[in-house]
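Trainee: The structure's right below; bear with me while I get my questions together.
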Amino acid sequence: MQMNTPVGPNALDTVKDGWVGKPLDRVDGRLKVTGGATYSYEVLQAPNTAYGYVVQASIGKGRILSLNTRAAERAPGVLYVLTHLNAPPQGEGNHHEAHPVLTGPQVAYFGQPIAFVVAETFEQARAAAYLVEVSYDRQPGNFVLADNLNRARRPQSTGAPADSAVGDFDSAFAAAPVKLDVEYSTPQQAHAMMEPHASLAVWDGENLTLHTANQMLSQGRLAVARTLRIPVKNVRLVSPYIGGGFGAKLWVNADAILAAIAARQLHRPVKTALTRQQVFHVTTHRSDTVQRIRLGTDREGHILAIGHDSYSGNLPSEQSYEAAAMQTRTLYAGPNRLTRHRLAALDIPIASSMRAPGEAVGLLALECAMDELAEKLELDPIELRVRNEPDEDPERHVPYSSRHLVACLREGATRFGWASRHPRHGQVRDGRWLVGMGVAAATRGNPLQPSQATVRLGPDGIATVRMAMTDIGTGTYTILTQIAADMLGLPPDRIRIEIGDTAFPEAAGSGGSFGAASSGSALFDACNRLRGKLAAAAGVDARAARFADGRLQAGGQSRALTDLVGAGGLEADGEIRPGDTEHTFSQQSYGAHFAEVGVDADTGEVRLRRMLGVFAAGRVLNAKTARSQAIGGMVFGIGAALEEGLVLDRRSGAFVNHDLAEYLVPVHADVPAIEAFFLPELDDAANPLKSKGIGELGICGAGAALANAIYNACGARIRDYPITLDKLLPVLPTQS
Amino acid sequence: MKAFTYERPGTVEQAAAAASQPGAKIIAGGTNLLDLMKLQVETPQRLIDVSRLPLDRIEETPEGGLRIGALVRNSDLAAEPRVRRRYGVLSRALLAGASAQLRNKATTAGNLLQRTRCSYFYDITQPCNKRQPGSGCAALGGFNRIHAVLGASSQCIATHPSDMAVAMRALDARIETVSADGRARAIPIEAFHRLPGATPQVETDLQPDEVITSVTLPPPPPGVQIYRKVRDRASYAFALVSVAAVVAVSDGRVRSARMAFGGLAPKPWRVVGAEEGLVDRTAVADSFNAAADAVLEGARGHGGNDFKIPLARRTLCAVLAEITQA
Ligand SMILES: Cc1cc2nc3c(=O)[nH]c(=O)nc-3n(C[C@H](O)[C@H](O)[C@H](O)COP(=O)(O)OP(=O)(O)OC[C@H]3O[C@@H](n4cnc5c(N)ncnc54)[C@H](O)[C@@H]3O)c2cc1C
Ligand code: SF4
C-alpha cells in the first residue's frame, strides 16, 4: 500500500485487548542474555577462516611514498597483505552508495585504511600489521571547521533543499523590538555503540555472503555490489543481531569490503573486526557544527523573524551535511524565516548520520536560544513556546499530521513540578550544589521508507514473517511479533520473525526513526492480505471477519486458522510505500524535556539530579521498548550536554581521544531518576500503524534542557558544547 | 601485540630473577599492561605472571599500621574493615577509581605502577618522549587538558593517573620490594615515583630485578580524612584534580595537616611547606588560600590544562572548609 491519504479506521483499531502497545518483554531477550544471539564476528564459519586486521594511515593528508609489506608477509601465519598496490579496481560513489578501499596512494584523512593484513589468526594478523612500513609525503590539511567557515559552500543535497526562506527575514529581524543573535557550537561526536564493526565474507563461486554489522541491509547490498562491481543478485548480506549502531552502521564500511576482497583473493572465508580505537577513524562520526541563531520578536514574545545558519564539515568528496537547521523550519510560528546549511571541505574521516542527525545538535542551539529569549522577554520558557505554536507548517503551509507539543510541555510541567522553578538564576542552593531546572522542546522528522514483507501461516499454526529488516537492539523482533499477533489473532509464541537477511524481501532497515513504522507497516499490509486469503478460504467477507484466538470468526461461523491454510500453508506479501501524505502533511513527532541539575559551587562539576521526557509520537507499539528508546535517547542528551566530544588534533587531523576511557559517554552514575512518558496519540497520515518514529526523539532537545538547567542553576550560559567544568569555572561565584 | 612467552614463577625471588631478564615484564591484574601490549606501547618478550604468589594478605604491623600485599585487589583493599575504619581516605580513593570490574582485577602494586593516560603515549604513531625517548612530546602543542601543571618538564607533561597512590602519599606509605638475590628494601612513596626531567621514560625508583611485595601504612595520622576527586563524569573517569587530606582541627585552629594531590603532576603531589604553614592557623578561607598558594607555587599550564590551577585551589579550599566545619 502507498500512503496517499490518511488511513482511517483499520484492523489494528478494532483489536480487543491486543498485544500492540503492551510492554511485552523482548522476544529475543533470552537469546541475548544467554549468548545465543550471534553477532557478525561470532557467526560460525568454515574451519579455514582467515582473519584480517586493518592498517591505518598515521598522517592526516598526503601521499604514501612507499609501503613495505615484506616483513609483514613473512610474519608467522600471514597469508596475504592487501594494499593499494594489489587491490582490485572498485566502483565509486559517495559513502551511501559505495565504499571503495585502498584505491591509491592518497591519504585523505587520519586513520584511513592503507593495508589489510590477513593471517591464520587474529593475533597473527594484528602482530604483522605493525610490521608494515610506510613512508609519506605529508601535505597540509584543512582539519578544523572553525577555521574554514568562510570557505564553506551550499551542499549539493539530494533531499530537502539546504536553504529555505519565507518572507523577508533581514528586514523583519532588523526591525524587531526584541532581538537575540547568538552563536552555538557542538563538537564532533562518535556513535560509541557497543559492538564494533565486524564482517565475515564467504564466497561460493561468484556469490558473496557477507555477515556484517549493518543497519540497512537492502541498501548495503547495493553498495557492496557497486563497490565490488558484481551483480546485486550475487550479494547476500546477513545480520540478524546488531549490537547498536546509532547510524555508524547505516552504510557499508571498510571492514566489509576489505573482508570481501581478501576472501575472494584467498578463496577462503575472511573475518575481521575493527578494534575500538579503529572504529573512531575508520568509520563515520557526527560533524561538529557552528550555528548562528537569530530570533526577533514583538514585546509579547511572538516571533517575527527566525533565522538559523549551520555550518558543518565533511570530506571534499562528500556532500552530506549535518542538517542542524532543518527543525527550525517547522518548530515555531513566525512570518519571516531563513535557514541555511553550509558545508566545509575538510580532511577528516567521513562525517555522517548519528542518532537524530540534524535535530540532535540543532536543538542544542535552538532550544537554548529560546531559553535566552524567554529570559530577555521575562517570560516563562514554556509560555514563550506556547505563544509561538503554529497552526500549520509555517514554511510549507500544510497541516501537521498530528502535533502535541504544547500538551507535552504542559503535562511535563505538572509532572515535573515546573512551577517550583525559580525564574531567576542562581537562587537555589542544596549544600554545595547550585540547583536549577531547564526545559526544552523535542521534535524529530517522521519519515517512512519503502519496505516489503511476507508472512506465511503454516498448518502447524505458526506464522513466519520474513523481511530484510534489522534489529539494532531497539526491539524490532518484538514489535513485529506484536503486530503479527494482533493482525492474525495469534499469541506471540506462534509468531516467528526472521529478519536480518537480504534473501528476504527488501526492507527499510533501521535508521532515521523509520524502522518500526516502515517494517511494521509492510507487515501490517502482508497480514491484511493474508487475512483476505484466509477469509476467502473460509468463504466469508474479509471485512466482516474477526481474527482472535487462532480462529476466524464471521457471520456466526468460527474456523480454526489451521484448518483454512491447507497442507502447504498460506502466504501473503505486503509492502508500504511513502506517498502523498509526505507532501500534504507536515510530519514530526514531538516532546518536552525537563531536567534538574546540580552545579558544584566549588568545582563546576555538573550532575543531573532528575529528568523527565513527555512525548507524543503516535501509537506506542510496545510500552517497554518505547520507554527504553526514549530513555536511551535522553541519556545521549546527557552526554551531548556534559561529556561527549571528539578532540581533534589540529596538527594531524587525528581524533586524540579514540577510546572509551577518554571519549566520555554517560555511565550509570550520571543517570539518576529519569522517566519517559508518552501521551496517547494516533497519526493516521503517518502510516497504517498510526505510529511515529521514537528511536531518536528522546535525544532531540534533551541536552538543551540540561544546558538551560545549568544556566538556571548558576547563571552561566555556555554556548560551546559539551559544558565541561573548565568552561564553568570562570563564571562560578567566588568561594565563601 | 607481539608474541611473548609466559611464565608463572613459584616464589618472589624467582619472579624477581625472571623479571630482570631482558624484555621481561611482570603482569599482575593486567588491566593496564594488556591494553598497552595490544597497542604495542609495551612489547615484552616474556611475561612474568605474579598473580598467584601469596602476596594477597593485609596484616597489622607491630607499629600499629597495616601491611598490604602487592596483590591485594583494589576492591578488597577498599572494603577491608580496618582500612575503612582507620584509613578512610584510602578506601575512598580506591572506590573513586576506575570501575567495579577493573577494581576487581587491579592490584595494589599494579595500581602504583600504572602508566599515564596521556593519549599520545597510547598512540604509537605520535611523538612521545616517554614511550620513545627523544621523539618529542605531542602533548605540549596538542591536547593537554588532562596534563600536569606541577613537576612536569619540557620533555614530558604527563600526570600519574592513580587515585590510590594519592591517598597513600598522604598516609606516608612505604613500598616494599624484594630483588632476585632476596634483598628487601622499603622505599618511601615520595621517593618511589620520579619526576620526568630529561628521562620521562623512567617513572619510578624500582629496579629491573625488584618485585613489589607489599605496601605498608604507618599508624593513621590524627584528624579527619577526605578524598575529593573532581572529574568529567560521576564515575569511571580519571581525576582532573583530586585531593587527599587528613587534617586535625581543634578550637578553630588547624593542629596538623596532610594534603596530597592527584591530576596535577607526574606523581602524587605533596608540599610539606604548605602543610606546615597551615598548622596553628585559624581554619578560615585566608588560611586555606595561603595553603593553596604554597601548593601551587610554580604551577604552569600548557593551554588546555590552565584551568587546573584555579580548580585545584577551589577544590583544596572546599575540602579544607568541609573538614574544619565538620
Ligand atoms: C578504563 C580504565 C579506567 C581507569 N580509571 C582509573 C581511575 O579512575 N583511577 C585509578 O587510580 N586508576 C584507574 N585505572 C587504572 C587501574 O587502576 C590500573 O589499570 C590498575 O590499578 C593496574 O593494576 P593491575 O594489577 O591490573 O596492573 P598490571 O596491568 O598487571 O600491571 C601494571 C604495571 O605494574 C607492574 N607490576 C604489577 N605488579 C607488580 C609487582 N608486584 N612488582 C613489580 N611490578 C609490578 C607491571 O609490570 C606493569 O608495568 C583505570 C584503568 C582503565 C583501563
Ligand atoms: S606528555 Fe609525556 S607521555 Fe604525553 S606525549 Fe608528552 S612525553 Fe609522551
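Please note that chains go A, B, ... in the order of the C-alpha cells, that every chain numbers its residues from 1, and that ligands are numbered from 1 in the order shown.
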Give me the residues within 7 Å of stretch 4-21 of chain B as number ranges by chain, counting only C-alpha atoms and dropping any in the same chain fewer than 3 places off.

Mentor: B: 24-26, 44-50, 53, 178-182, 208-211

Trainee: Using DSSP assignments from the backbone, pull out every residue in stretch 92-305 of chain B that falls under helix (DSSP H, G or I) and give it to me as a ChimeraX atom specification.

Mentor: /B:92-95,100-105,108-112,164-170,189-192,272-278,285-295

Trainee: Chain A near ligand 1 within 12 Å: what's each residue's closest atom pair and its distance in Å to one decimal, counting only C-alpha atoms and all ligand atoms, ordered by chain then ascending residue number, as a tab-separated table?

Mentor:
residue	atom	partner	partner_atom_place_in_ligand_line	distance
A:Asp659	CA	ligand 1	1 (C)	9.0
A:Leu660	CA	ligand 1	1 (C)	7.2
A:Ala661	CA	ligand 1	1 (C)	4.6
A:Glu662	CA	ligand 1	1 (C)	8.2
A:Tyr663	CA	ligand 1	1 (C)	10.5
A:Leu664	CA	ligand 1	1 (C)	10.5

Trainee: Residues near stretch 304-321 of chain A, anyone? I mean within 7 Å using only C-alpha atoms, not counting same-chain ones fewer than 6 positions away, as a VMD selection string.

Mentor: chain A and resid 94 145 155 to 157 169 172 to 173 176 287 to 298 328 334 to 352

Trainee: May I have the residues from that selection written out with C-alpha atoms, as a compact mmCIF listing (two decimals), in the first residue's frame?

Mentor:
# COMPACT_ATOMS: atom_id res chain seq x y z
CA ASN A 94 29.55 8.76 -2.09
CA LEU A 145 35.75 23.52 10.84
CA PRO A 155 25.94 21.45 -0.27
CA GLN A 156 24.56 19.72 -3.36
CA SER A 157 21.96 17.89 -1.39
CA PHE A 169 13.95 37.77 7.27
CA ALA A 172 11.93 41.79 9.90
CA PHE A 173 14.85 40.90 12.14
CA ALA A 176 12.08 43.50 15.61
CA SER A 287 30.28 16.50 12.26
CA ASP A 288 30.84 19.38 14.57
CA THR A 289 28.66 22.40 13.91
CA VAL A 290 28.81 26.13 14.24
CA GLN A 291 25.32 27.54 14.40
CA ARG A 292 24.01 31.08 14.43
CA ILE A 293 20.51 31.62 15.68
CA ARG A 294 18.66 34.87 15.25
CA LEU A 295 15.28 35.43 16.81
CA GLY A 296 13.29 38.65 16.58
CA THR A 297 10.01 39.07 18.44
CA ASP A 298 7.48 41.65 19.42
CA THR A 328 13.73 25.34 12.63
CA GLY A 334 6.72 33.34 12.58
CA PRO A 335 6.19 35.09 9.26
CA ASN A 336 9.81 35.76 8.27
CA ARG A 337 12.16 32.83 8.15
CA LEU A 338 15.59 31.89 6.95
CA THR A 339 17.53 28.65 7.30
CA ARG A 340 20.83 27.86 5.63
CA HIS A 341 23.28 24.98 5.71
CA ARG A 342 26.87 25.31 4.63
CA LEU A 343 29.44 22.57 4.26
CA ALA A 344 33.19 22.97 4.57
CA ALA A 345 35.51 20.54 2.82
CA LEU A 346 37.76 19.09 5.49
CA ASP A 347 40.45 16.43 5.54
CA ILE A 348 38.85 14.39 8.28
CA PRO A 349 37.18 10.98 8.45
CA ILE A 350 33.73 10.69 6.87
CA ALA A 351 31.07 12.68 8.69
CA SER A 352 27.65 11.10 8.54

Trainee: Using only C-alpha atoms, select each residue of chain B with any atom at most 6 Å away from an atom of chain A, and give the selection as a ChimeraX atom specification.

Mentor: /B:1-2,125,234-235,307,314

Trainee: Kindly work out which residues sit at most 9 Å from ligand 2, using only C-alpha atoms and all ligand atoms, and give the list as a PyMOL selection string.

Mentor: chain B and resi 115-122+126-133+135-140+142+144+147-148+152-159+196+200-201

Trainee: What separation in Å, quoted to one decimal, exists between atom CA of A:Ala262 and atom CA of A:Gly500?

Mentor: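 Computing the Euclidean distance for atom CA of A:Ala262 and atom CA of A:Gly500 yields 23.6 Å.
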
Trainee: Please, what distance in Å, to one decimal, runs between atom CA of A:Pro505 and atom CA of A:Ile479?

Mentor: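 Rounded to one decimal, the two atoms are 18.1 Å apart.
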
Trainee: Tell me which protein, DNA and RNA residues are within 8 Å of B:Ile58, counting only C-alpha atoms, leaving out same-chain ones fewer than 6 positions away, and put them as a list in words.

Mentor: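 Here the answer would be Leu66, Arg67, Ile68, Gly69 and Val72 of chain B.
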
Trainee: Produce a file of the selected residues containing N, CA and C atoms, as a PDB file, in the first residue's frame.

Mentor:
ATOM      1  N   LEU B  66      49.376  -0.959  58.826  1.00  0.00           N
ATOM      2  CA  LEU B  66      48.948  -2.120  58.037  1.00  0.00           C
ATOM      3  C   LEU B  66      49.973  -2.419  56.960  1.00  0.00           C
ATOM      4  N   ARG B  67      50.148  -3.734  56.711  1.00  0.00           N
ATOM      5  CA  ARG B  67      50.957  -4.153  55.560  1.00  0.00           C
ATOM      6  C   ARG B  67      49.996  -4.733  54.529  1.00  0.00           C
ATOM      7  N   ILE B  68      50.024  -4.138  53.344  1.00  0.00           N
ATOM      8  CA  ILE B  68      49.084  -4.537  52.278  1.00  0.00           C
ATOM      9  C   ILE B  68      49.864  -5.304  51.227  1.00  0.00           C
ATOM     10  N   GLY B  69      49.496  -6.545  50.994  1.00  0.00           N
ATOM     11  CA  GLY B  69      50.183  -7.354  49.998  1.00  0.00           C
ATOM     12  C   GLY B  69      50.076  -6.721  48.612  1.00  0.00           C
ATOM     13  N   VAL B  72      46.904  -7.589  46.664  1.00  0.00           N
ATOM     14  CA  VAL B  72      45.559  -7.307  47.184  1.00  0.00           C
ATOM     15  C   VAL B  72      44.807  -6.486  46.131  1.00  0.00           C
TER      16      VAL B  72
END

Trainee: As a ChimeraX atom specification, please: the residues near A:Ala11 (cut-off 9 Å, only C-alpha atoms, same-chain neighbours under 5 positions excluded).

Mentor: /A:486-487,528

Trainee: Which distance in Å separates atom CA of A:Ile472 and atom CA of A:Thr227, to one decimal?

Mentor: 24.4 Å

Trainee: Give the strand (DSSP E or B) residues of stretch 17-188 of chain B, as assigned by DSSP on the backbone, as a PyMOL selection string.

Mentor: chain B and resi 24-27+46-49+58-60+66-69+73+107+128+137+174-179+184-188

Trainee: Would you write out those residues with N, CA and C atoms, as a tab-separated table (two decimals), in the first residue's frame?

Mentor:
chain	number	residue	atom	x	y	z
B	24	ALA	N	61.68	-8.74	29.81
B	24	ALA	CA	60.70	-9.35	30.70
B	24	ALA	C	59.83	-8.27	31.34
B	25	LYS	N	58.62	-8.67	31.66
B	25	LYS	CA	57.69	-7.72	32.28
B	25	LYS	C	56.78	-8.50	33.21
B	26	ILE	N	56.59	-7.94	34.39
B	26	ILE	CA	55.67	-8.57	35.34
B	26	ILE	C	54.24	-8.23	34.97
B	27	ILE	N	53.38	-9.20	35.10
B	27	ILE	CA	51.95	-8.92	34.95
B	27	ILE	C	51.22	-9.34	36.22
B	46	ARG	N	58.79	-11.54	27.42
B	46	ARG	CA	58.47	-12.54	28.44
B	46	ARG	C	57.51	-11.92	29.44
B	47	LEU	N	56.43	-12.60	29.70
B	47	LEU	CA	55.51	-12.11	30.73
B	47	LEU	C	55.69	-12.97	31.97
B	48	ILE	N	55.93	-12.29	33.08
B	48	ILE	CA	56.12	-12.99	34.35
B	48	ILE	C	54.87	-12.77	35.17
B	49	ASP	N	54.06	-13.81	35.25
B	49	ASP	CA	52.77	-13.66	35.95
B	49	ASP	C	52.96	-13.89	37.45
B	58	ILE	N	46.42	-8.73	54.07
B	58	ILE	CA	46.53	-7.44	54.75
B	58	ILE	C	46.77	-7.76	56.22
B	59	GLU	N	47.90	-7.29	56.75
B	59	GLU	CA	48.26	-7.64	58.14
B	59	GLU	C	48.57	-6.39	58.94
B	60	GLU	N	48.41	-6.54	60.28
B	60	GLU	CA	48.83	-5.47	61.18
B	60	GLU	C	50.36	-5.42	61.24
B	66	LEU	N	49.38	-0.96	58.83
B	66	LEU	CA	48.95	-2.12	58.04
B	66	LEU	C	49.97	-2.42	56.96
B	67	ARG	N	50.15	-3.73	56.71
B	67	ARG	CA	50.96	-4.15	55.56
B	67	ARG	C	50.00	-4.73	54.53
B	68	ILE	N	50.02	-4.14	53.34
B	68	ILE	CA	49.08	-4.54	52.28
B	68	ILE	C	49.86	-5.30	51.23
B	69	GLY	N	49.50	-6.55	50.99
B	69	GLY	CA	50.18	-7.35	50.00
B	69	GLY	C	50.08	-6.72	48.61
B	73	ARG	N	43.64	-6.97	45.81
B	73	ARG	CA	42.84	-6.29	44.76
B	73	ARG	C	42.32	-4.96	45.27
B	107	THR	N	45.53	-4.62	41.03
B	107	THR	CA	46.25	-4.94	42.26
B	107	THR	C	46.91	-3.68	42.83
B	128	CYS	N	56.43	10.86	21.36
B	128	CYS	CA	56.25	10.80	22.81
B	128	CYS	C	57.57	10.40	23.45
B	137	CYS	N	57.37	15.56	22.34
B	137	CYS	CA	56.19	15.44	23.19
B	137	CYS	C	55.00	16.05	22.46
B	174	ARG	N	54.98	3.18	52.56
B	174	ARG	CA	56.30	2.72	52.10
B	174	ARG	C	56.10	1.51	51.20
B	175	ILE	N	56.87	1.48	50.14
B	175	ILE	CA	56.72	0.39	49.18
B	175	ILE	C	57.85	-0.61	49.42
B	176	GLU	N	57.47	-1.83	49.66
B	176	GLU	CA	58.46	-2.85	50.00
B	176	GLU	C	58.71	-3.76	48.80
B	177	THR	N	59.98	-4.00	48.56
B	177	THR	CA	60.35	-4.81	47.40
B	177	THR	C	61.31	-5.92	47.81
B	178	VAL	N	61.42	-6.89	46.95
B	178	VAL	CA	62.41	-7.95	47.10
B	178	VAL	C	63.09	-8.09	45.74
B	179	SER	N	64.43	-8.21	45.75
B	179	SER	CA	65.10	-8.41	44.47
B	179	SER	C	65.54	-9.86	44.30
B	184	ALA	N	65.69	-7.25	50.53
B	184	ALA	CA	64.44	-6.50	50.67
B	184	ALA	C	64.76	-5.03	50.90
B	185	ARG	N	63.89	-4.17	50.41
B	185	ARG	CA	64.06	-2.75	50.75
B	185	ARG	C	62.70	-2.08	50.83
B	186	ALA	N	62.66	-0.99	51.55
B	186	ALA	CA	61.41	-0.23	51.67
B	186	ALA	C	61.67	1.17	51.14
B	187	ILE	N	60.83	1.59	50.21
B	187	ILE	CA	61.02	2.89	49.58
B	187	ILE	C	59.88	3.80	50.02
B	188	PRO	N	60.18	4.94	50.63
B	188	PRO	CA	59.10	5.86	50.97
B	188	PRO	C	58.39	6.31	49.69

Trainee: So that I can check the surroundings of B:Pro81, please list as a PyMOL selection string every protein, DNA and RNA residue that reaches within 12 Å of it, counting only C-alpha atoms and ignoring chain neighbours fewer than 5 positions away.

Mentor: chain B and resi 58+66+76+86-88+90-91

Trainee: Give me the residues within 8 Å of A:Gly91 as a ChimeraX atom specification, counting only C-alpha atoms and dropping any in the same chain fewer than 2 places off.

Mentor: /A:89,93,98,100,226-229

Trainee: Kindly export the residues of the current selection with N, CA and C atoms, as a PDB file, in the first residue's frame.

Mentor:
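Result file part_12.pdb:
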ATOM      1  N   PRO A  89      40.420  -2.831  -8.869  1.00  0.00           N
ATOM      2  CA  PRO A  89      39.639  -1.601  -9.096  1.00  0.00           C
ATOM      3  C   PRO A  89      38.220  -1.804  -8.562  1.00  0.00           C
ATOM      4  N   GLY A  93      31.470   6.090  -5.563  1.00  0.00           N
ATOM      5  CA  GLY A  93      30.221   6.750  -5.185  1.00  0.00           C
ATOM      6  C   GLY A  93      30.433   7.432  -3.859  1.00  0.00           C
ATOM      7  N   ALA A  98      28.725   3.551  -2.109  1.00  0.00           N
ATOM      8  CA  ALA A  98      29.849   2.630  -2.312  1.00  0.00           C
ATOM      9  C   ALA A  98      30.885   2.891  -1.237  1.00  0.00           C
ATOM     10  N   PRO A 100      34.711   2.115  -1.709  1.00  0.00           N
ATOM     11  CA  PRO A 100      35.972   1.560  -2.209  1.00  0.00           C
ATOM     12  C   PRO A 100      37.090   1.758  -1.193  1.00  0.00           C
ATOM     13  N   ARG A 226      27.982  -2.565  -5.954  1.00  0.00           N
ATOM     14  CA  ARG A 226      28.552  -1.483  -6.748  1.00  0.00           C
ATOM     15  C   ARG A 226      30.056  -1.365  -6.505  1.00  0.00           C
ATOM     16  N   THR A 227      30.460  -1.498  -5.257  1.00  0.00           N
ATOM     17  CA  THR A 227      31.880  -1.365  -4.934  1.00  0.00           C
ATOM     18  C   THR A 227      32.682  -2.509  -5.544  1.00  0.00           C
ATOM     19  N   LEU A 228      32.152  -3.723  -5.421  1.00  0.00           N
ATOM     20  CA  LEU A 228      32.891  -4.889  -5.913  1.00  0.00           C
ATOM     21  C   LEU A 228      32.657  -5.126  -7.400  1.00  0.00           C
ATOM     22  N   ARG A 229      31.781  -4.321  -7.966  1.00  0.00           N
ATOM     23  CA  ARG A 229      31.452  -4.446  -9.398  1.00  0.00           C
ATOM     24  C   ARG A 229      30.946  -5.846  -9.741  1.00  0.00           C
TER      25      ARG A 229
END
